[in-house]
Amino acid sequence: INKKLEALFNVNFDKNVASDITLKVFSFIDSQDYTIPQLENNPLLTDTIKIDDSDDINNNGDSKESLISSGNNYVINKNSIIDIKQVVKGNLDQKYTSLAYTNPNNLVNVELQLSNKTDKNISKLVLIDSLPNKNNHSLVSNKLLNSNYNLMLNGPIKVDKEWLNKVNIKYSTAINPSKVNILDKYTNYQVNSTKLSDINCDKTVWLNEDEVKDWSKIHSFKLEINNDIDFISGASHKISFNLKVLDTVNYQKTLFDDKLPLKQRVAYNTFALSANYSQVIEPQTSAIVLSNSTNNKINKENNNDLEEDGVKCINCKIVDSGNNNLFFGLSIITMMLILSGGYSLKKK
């Protein structure tokens with residue numbers, strides 16, 4: 001009576017095990033005359049219950065004897081990642097980076113780069129991009145990005161040849177498009193996770209490419225993999241588009257003053273996506289700075305003062321709660337338990 005028993009053991013499981021599992025332990029006591037105390041206010045343990053051994057687990061021929069059942073739910077986190085990068089290049093830049101410099105009457109090239117480094121194909125992927133605009137907000141937090149000016153889309157979105165006719169792309173005049181049941185329509189939200197909200201969103205009508213009459217009126221787009229298409233494990237894809245910078249007369253003169261801080265001369269492009277059953281992730285925004293310089297080897301300024309604006313990276317550490325064990329981000333979430341086989345488990 002009043003004694004404590006502890007036991008440690010390893011659990012081996014197949015590499016194809018589902019990511020959402022329950023581990024259970026069954027115990028027998030010689031006496032059938034006992035009760036099980038209820039656990040209260042302990043998030044680390046599930047309730048232990050007393051049940052009948054209807055399946056005759058101990059093979060003694062008695063399916064009516066009592067046993068103790070105890071267990072817990074876990075989400076398997078495999079070391080798999082999807083690399084997501086957004087880079088931009090203006091006419092004053094030598095290469096693609098997260099910060100572009102450009103003159104008026106020029107184009108800024110934008111690339112969204114996705115690499116599937118998981119060990120499984122991705123069959124569900126939805127992406128929304130909000131183009132630089134003085135009123136654009138984060139797609140996840142709804143925070144105002146503090147862009148200082150607008151840029152226009154200069155024609156349709158392009159994808160690499162491997163994705164031609166395999167993804168569906170639509171366009172909208174909405175600066176802050178509706179996201180609920182679009183970006184997260186496949187998401188299995190974890191307990192206590194924050195769901196998307198359409199606060200600050202504009203009325204959104206999605207158009208096919210042939211329905212767009214004026215590209216300068218387009219402020220957002222969405223892309224989704226077709227139902228019968230997989231984003232193959234180990235593959236990489238690129239989504240690209242051009243943004244048009246207007247003539248100087250269309251902007252305030254201070255936007256071209258290289259002596260002013262970057263945050264007073266910048267506009268942000270942001271996008272967010274979900275893959276398979278993950279939460280929505282919004283990678284770091286790319287920044288575009290206007291300049292009057294004619295030197296294509298312009299001395300790039302320190303961009304530390306941009307950290308208060310834009311998006312750093314939202315939901316970068318996410319475990320997929322569906323059947324495809326997808327993990328976003330570059331670092332592993334806190335491990336609650338290590339099981340043999342190289343997997344980490346997190347309690348639900």
# chains A, B, ... in the order shown; residues from 1 in each chain; ligands from 1

call {"tool": "residues_around", "arguments": {"residues": "A:Asp160", "least_positions_apart": "2", "cutoff": "12 Å", "atoms": "only C-alpha atoms", "output": "PyMOL selection string"}}
result
chain A and resi 111-114+157-158+162-167+235-241

call {"tool": "write_last_selection", "arguments": {"atoms": "all heavy atoms", "output": "compact mmCIF listing (two decimals), in the first residue's frame"}}
result
# COMPACT_ATOMS: atom_id res chain seq x y z
N GLU A 111 11.26 35.86 -56.54
CA GLU A 111 11.23 34.40 -56.63
C GLU A 111 10.82 33.80 -55.29
O GLU A 111 11.37 34.18 -54.24
CB GLU A 111 12.60 33.84 -57.03
CG GLU A 111 12.98 34.07 -58.47
CD GLU A 111 14.24 33.32 -58.88
OE1 GLU A 111 14.81 32.62 -58.01
OE2 GLU A 111 14.64 33.44 -60.04
N LEU A 112 9.87 32.89 -55.33
CA LEU A 112 9.50 32.07 -54.17
C LEU A 112 10.04 30.68 -54.44
O LEU A 112 9.63 30.03 -55.40
CB LEU A 112 7.98 32.05 -53.98
CG LEU A 112 7.25 33.40 -54.04
CD1 LEU A 112 5.76 33.20 -53.81
CD2 LEU A 112 7.84 34.38 -53.05
N GLN A 113 10.97 30.23 -53.62
CA GLN A 113 11.67 28.97 -53.86
C GLN A 113 11.26 27.95 -52.81
O GLN A 113 11.37 28.19 -51.61
CB GLN A 113 13.18 29.20 -53.83
CG GLN A 113 13.66 30.23 -54.84
CD GLN A 113 15.11 30.62 -54.65
OE1 GLN A 113 15.77 30.20 -53.68
NE2 GLN A 113 15.64 31.44 -55.54
N LEU A 114 10.78 26.80 -53.27
CA LEU A 114 10.31 25.74 -52.39
C LEU A 114 11.08 24.45 -52.67
O LEU A 114 11.19 24.04 -53.83
CB LEU A 114 8.82 25.48 -52.58
CG LEU A 114 7.87 26.70 -52.58
CD1 LEU A 114 6.45 26.25 -52.88
CD2 LEU A 114 7.95 27.43 -51.26
N ILE A 157 1.88 35.24 -63.12
CA ILE A 157 2.85 34.47 -62.34
C ILE A 157 3.40 33.34 -63.21
O ILE A 157 2.68 32.71 -63.99
CB ILE A 157 2.18 33.88 -61.09
CG1 ILE A 157 1.48 34.98 -60.29
CG2 ILE A 157 3.19 33.13 -60.23
CD1 ILE A 157 2.38 36.11 -59.87
N LYS A 158 4.69 33.06 -63.05
CA LYS A 158 5.34 31.97 -63.80
C LYS A 158 5.81 30.88 -62.85
O LYS A 158 6.25 31.16 -61.74
CB LYS A 158 6.52 32.52 -64.60
CG LYS A 158 6.15 33.57 -65.63
CD LYS A 158 7.38 34.08 -66.36
CE LYS A 158 7.02 35.15 -67.40
NZ LYS A 158 8.21 35.69 -68.07
N GLU A 162 8.25 21.98 -64.66
CA GLU A 162 7.74 20.78 -63.97
C GLU A 162 6.36 21.02 -63.38
O GLU A 162 5.62 20.07 -63.13
CB GLU A 162 8.72 20.33 -62.88
CG GLU A 162 10.02 19.72 -63.38
CD GLU A 162 11.02 20.76 -63.85
OE1 GLU A 162 10.80 21.97 -63.53
OE2 GLU A 162 12.00 20.41 -64.51
N TRP A 163 6.04 22.29 -63.14
CA TRP A 163 4.74 22.61 -62.55
C TRP A 163 3.75 23.18 -63.56
O TRP A 163 2.63 23.52 -63.20
CB TRP A 163 4.92 23.58 -61.39
CG TRP A 163 4.88 22.90 -60.05
CD1 TRP A 163 4.78 21.55 -59.82
CD2 TRP A 163 4.90 23.52 -58.77
NE1 TRP A 163 4.76 21.30 -58.48
CE2 TRP A 163 4.83 22.49 -57.80
CE3 TRP A 163 4.98 24.85 -58.34
CZ2 TRP A 163 4.84 22.75 -56.43
CZ3 TRP A 163 4.99 25.10 -56.98
CH2 TRP A 163 4.92 24.07 -56.03
N LEU A 164 4.14 23.31 -64.81
CA LEU A 164 3.23 23.82 -65.83
C LEU A 164 2.00 22.92 -65.92
O LEU A 164 2.10 21.69 -66.03
CB LEU A 164 3.93 23.90 -67.18
CG LEU A 164 4.91 25.05 -67.39
CD1 LEU A 164 5.59 24.93 -68.74
CD2 LEU A 164 4.19 26.40 -67.27
N ASN A 165 0.82 23.53 -65.88
CA ASN A 165 -0.46 22.82 -65.96
C ASN A 165 -0.69 21.86 -64.80
O ASN A 165 -1.57 20.99 -64.87
CB ASN A 165 -0.56 22.05 -67.29
CG ASN A 165 -0.42 22.94 -68.50
OD1 ASN A 165 -0.99 24.03 -68.55
ND2 ASN A 165 0.36 22.50 -69.47
N LYS A 166 0.09 22.01 -63.73
CA LYS A 166 -0.06 21.14 -62.56
C LYS A 166 -0.47 21.91 -61.32
O LYS A 166 -0.71 21.32 -60.27
CB LYS A 166 1.23 20.37 -62.31
CG LYS A 166 1.60 19.41 -63.43
CD LYS A 166 2.88 18.67 -63.14
CE LYS A 166 3.23 17.72 -64.27
NZ LYS A 166 4.51 17.00 -64.02
N VAL A 167 -0.50 23.23 -61.44
CA VAL A 167 -0.94 24.07 -60.32
C VAL A 167 -2.01 25.03 -60.82
O VAL A 167 -2.05 25.38 -62.00
CB VAL A 167 0.23 24.86 -59.70
CG1 VAL A 167 1.24 23.92 -59.05
CG2 VAL A 167 0.91 25.75 -60.73
N ALA A 235 12.30 17.17 -54.62
CA ALA A 235 12.15 18.12 -55.72
C ALA A 235 12.16 19.57 -55.22
O ALA A 235 11.90 19.84 -54.05
CB ALA A 235 10.86 17.85 -56.48
N SER A 236 12.47 20.48 -56.14
CA SER A 236 12.44 21.91 -55.86
C SER A 236 11.65 22.61 -56.96
O SER A 236 11.69 22.20 -58.12
CB SER A 236 13.85 22.49 -55.80
OG SER A 236 14.60 21.94 -54.74
N HIS A 237 10.93 23.66 -56.58
CA HIS A 237 10.14 24.41 -57.54
C HIS A 237 10.30 25.91 -57.29
O HIS A 237 10.58 26.34 -56.17
CB HIS A 237 8.66 24.03 -57.46
CG HIS A 237 8.38 22.64 -57.90
ND1 HIS A 237 8.45 22.25 -59.21
CD2 HIS A 237 8.04 21.52 -57.19
CE1 HIS A 237 8.16 20.96 -59.30
NE2 HIS A 237 7.91 20.50 -58.09
N LYS A 238 10.12 26.68 -58.34
CA LYS A 238 10.29 28.13 -58.27
C LYS A 238 9.06 28.83 -58.84
O LYS A 238 8.59 28.50 -59.93
CB LYS A 238 11.55 28.55 -59.03
CG LYS A 238 11.83 30.04 -58.98
CD LYS A 238 13.19 30.35 -59.59
CE LYS A 238 13.26 30.02 -61.05
NZ LYS A 238 14.55 30.37 -61.67
N ILE A 239 8.55 29.78 -58.09
CA ILE A 239 7.45 30.63 -58.52
C ILE A 239 8.03 32.03 -58.70
O ILE A 239 8.68 32.55 -57.80
CB ILE A 239 6.34 30.67 -57.45
CG1 ILE A 239 5.85 29.25 -57.15
CG2 ILE A 239 5.18 31.56 -57.90
CD1 ILE A 239 5.05 29.14 -55.87
N SER A 240 7.85 32.62 -59.86
CA SER A 240 8.48 33.92 -60.12
C SER A 240 7.49 34.91 -60.73
O SER A 240 6.53 34.53 -61.40
CB SER A 240 9.69 33.75 -61.05
OG SER A 240 9.31 33.18 -62.28
N PHE A 241 7.74 36.19 -60.47
CA PHE A 241 6.92 37.25 -61.05
C PHE A 241 7.70 38.56 -60.99
O PHE A 241 8.70 38.69 -60.27
CB PHE A 241 5.57 37.38 -60.33
CG PHE A 241 5.66 37.52 -58.84
CD1 PHE A 241 5.67 38.77 -58.22
CD2 PHE A 241 5.71 36.39 -58.03
CE1 PHE A 241 5.72 38.90 -56.85
CE2 PHE A 241 5.77 36.51 -56.64
CZ PHE A 241 5.78 37.76 -56.05

call {"tool": "closest_atom_pairs", "arguments": {"of": "stretch 240-278 of chain A", "to": "stretch 126-134 of chain A", "cutoff": "7 Å", "atoms": "only C-alpha atoms", "output": "tab-separated table"}}
result
residue	atom	partner	partner_atom	distance
A:Ala267	CA	A:Pro132	CA	5.5
A:Tyr268	CA	A:Pro132	CA	5.0
A:Asn269	CA	A:Pro132	CA	4.8
A:Thr270	CA	A:Ser130	CA	5.5
A:Phe271	CA	A:Asp129	CA	4.0
A:Ala272	CA	A:Ile128	CA	5.6
A:Leu273	CA	A:Leu127	CA	4.2
A:Ser274	CA	A:Val126	CA	5.6
A:Ala275	CA	A:Val126	CA	6.7

call {"tool": "write_last_selection", "arguments": {"atoms": "N, CA, C and O atoms", "output": "PDB file, in the first residue's frame"}}
result
ATOM      1  N   ALA A 267       9.189  48.765 -49.189  1.00  0.00           N
ATOM      2  CA  ALA A 267       7.880  48.109 -49.296  1.00  0.00           C
ATOM      3  C   ALA A 267       8.113  46.611 -49.193  1.00  0.00           C
ATOM      4  O   ALA A 267       9.163  46.098 -49.599  1.00  0.00           O
ATOM      5  N   TYR A 268       7.129  45.898 -48.648  1.00  0.00           N
ATOM      6  CA  TYR A 268       7.314  44.474 -48.345  1.00  0.00           C
ATOM      7  C   TYR A 268       6.390  43.583 -49.166  1.00  0.00           C
ATOM      8  O   TYR A 268       5.206  43.882 -49.333  1.00  0.00           O
ATOM      9  N   ASN A 269       6.954  42.482 -49.663  1.00  0.00           N
ATOM     10  CA  ASN A 269       6.149  41.418 -50.257  1.00  0.00           C
ATOM     11  C   ASN A 269       6.114  40.261 -49.268  1.00  0.00           C
ATOM     12  O   ASN A 269       7.138  39.891 -48.691  1.00  0.00           O
ATOM     13  N   THR A 270       4.937  39.693 -49.068  1.00  0.00           N
ATOM     14  CA  THR A 270       4.829  38.575 -48.133  1.00  0.00           C
ATOM     15  C   THR A 270       3.965  37.472 -48.722  1.00  0.00           C
ATOM     16  O   THR A 270       3.072  37.726 -49.518  1.00  0.00           O
ATOM     17  N   PHE A 271       4.259  36.235 -48.345  1.00  0.00           N
ATOM     18  CA  PHE A 271       3.409  35.119 -48.741  1.00  0.00           C
ATOM     19  C   PHE A 271       3.336  34.117 -47.600  1.00  0.00           C
ATOM     20  O   PHE A 271       4.178  34.103 -46.692  1.00  0.00           O
ATOM     21  N   ALA A 272       2.310  33.291 -47.624  1.00  0.00           N
ATOM     22  CA  ALA A 272       2.124  32.254 -46.618  1.00  0.00           C
ATOM     23  C   ALA A 272       1.622  31.004 -47.305  1.00  0.00           C
ATOM     24  O   ALA A 272       1.003  31.071 -48.374  1.00  0.00           O
ATOM     25  N   LEU A 273       1.901  29.856 -46.702  1.00  0.00           N
ATOM     26  CA  LEU A 273       1.462  28.598 -47.303  1.00  0.00           C
ATOM     27  C   LEU A 273       1.222  27.554 -46.240  1.00  0.00           C
ATOM     28  O   LEU A 273       1.683  27.662 -45.105  1.00  0.00           O
ATOM     29  N   SER A 274       0.483  26.540 -46.624  1.00  0.00           N
ATOM     30  CA  SER A 274       0.353  25.326 -45.823  1.00  0.00           C
ATOM     31  C   SER A 274       0.584  24.139 -46.749  1.00  0.00           C
ATOM     32  O   SER A 274       0.254  24.203 -47.939  1.00  0.00           O
ATOM     33  N   ALA A 275       1.169  23.088 -46.205  1.00  0.00           N
ATOM     34  CA  ALA A 275       1.464  21.901 -47.007  1.00  0.00           C
ATOM     35  C   ALA A 275       0.970  20.665 -46.271  1.00  0.00           C
ATOM     36  O   ALA A 275       1.193  20.522 -45.063  1.00  0.00           O
TER      37      ALA A 275
END

call {"tool": "closest_residue", "arguments": {"among": "A:Leu125, A:Leu67, A:Leu260, A:Ile57", "to": "A:Thr187", "atoms": "only C-alpha atoms"}}
result
A:Leu125

call {"tool": "select_by_dssp", "arguments": {"residues": "stretch 65-289 of chain A", "states": "helix (DSSP H, G or I)", "output": "number ranges by chain"}}
result
A: 161-163, 209-211, 215-217, 248-250, 253-256, 262-264

call {"tool": "atom_distance", "arguments": {"atom1": "atom CA of A:Asn242", "atom2": "atom CA of A:Val87"}}
result
12.0 Å

call {"tool": "closest_residue", "arguments": {"among": "A:Leu144, A:Thr97, A:Ile29, A:Lys124", "to": "A:Asn227", "atoms": "only C-alpha atoms"}}
result
A:Lys124

call {"tool": "closest_residue", "arguments": {"among": "A:Ala287, A:Ile49, A:Val245, A:Val108", "to": "A:Val266", "atoms": "only C-alpha atoms"}}
result
A:Ala287

call {"tool": "closest_residue", "arguments": {"among": "A:Gln279, A:Asn200, A:Asn91, A:Asn181", "to": "A:Asn106", "atoms": "only C-alpha atoms"}}
result
A:Asn91

call {"tool": "residues_around", "arguments": {"residues": "A:Asp202", "least_positions_apart": "5", "cutoff": "7 Å", "atoms": "only C-alpha atoms", "output": "PyMOL selection string"}}
result
chain A and resi 174-178

call {"tool": "residues_around", "arguments": {"residues": "A:Ile169", "least_positions_apart": "6", "cutoff": "10 Å", "atoms": "only C-alpha atoms", "output": "JSON list (two decimals) with C-alpha atoms, in the first residue's frame"}}
result
[["chain", "number", "residue", "atom", "x", "y", "z"],
["A", 127, "LEU", "CA", -0.06, 29.50, -51.12],
["A", 128, "ILE", "CA", -1.23, 33.13, -51.02],
["A", 156, "PRO", "CA", 1.06, 36.68, -64.86],
["A", 157, "ILE", "CA", 2.85, 34.47, -62.34],
["A", 158, "LYS", "CA", 5.34, 31.97, -63.80],
["A", 159, "VAL", "CA", 6.26, 28.51, -62.55],
["A", 206, "TRP", "CA", -10.41, 35.23, -57.38],
["A", 207, "LEU", "CA", -9.86, 35.54, -61.13],
["A", 208, "ASN", "CA", -8.33, 33.24, -63.71],
["A", 209, "GLU", "CA", -5.49, 34.67, -65.81],
["A", 221, "PHE", "CA", -2.56, 35.81, -55.94],
["A", 222, "LYS", "CA", -3.00, 32.24, -54.76],
["A", 223, "LEU", "CA", -1.50, 28.99, -55.99],
["A", 224, "GLU", "CA", -2.64, 25.45, -55.27],
["A", 225, "ILE", "CA", -1.36, 22.07, -56.42]]

call {"tool": "closest_residue", "arguments": {"among": "A:Tyr34, A:Phe231, A:Tyr149, A:Tyr189", "to": "A:Val289", "atoms": "only C-alpha atoms"}}
result
A:Tyr149

call {"tool": "select_by_dssp", "arguments": {"residues": "stretch 101-325 of chain A", "states": "strand (DSSP E)", "output": "PyMOL selection string"}}
result
chain A and resi 101-102+107-116+125-130+152-153+158-159+167-172+220-225+236-244+266-275+286-290+318-319

call {"tool": "closest_residue", "arguments": {"among": "A:Asn105, A:Asn72, A:Ser123, A:Thr285", "to": "A:Tyr186", "atoms": "only C-alpha atoms"}}
result
A:Ser123

call {"tool": "residues_around", "arguments": {"residues": "A:Asn121", "least_positions_apart": "6", "cutoff": "6 Å", "atoms": "only C-alpha atoms", "output": "list in words"}}
result
Asp230, Phe231, Ile232 and Ser233 of chain A

call {"tool": "atom_distance", "arguments": {"atom1": "atom CA of A:Ser216", "atom2": "atom CA of A:Asn154"}}
result
7.0 Å

call {"tool": "atom_distance", "arguments": {"atom1": "atom CA of A:Asn59", "atom2": "atom CA of A:Lys24"}}
result
18.2 Å
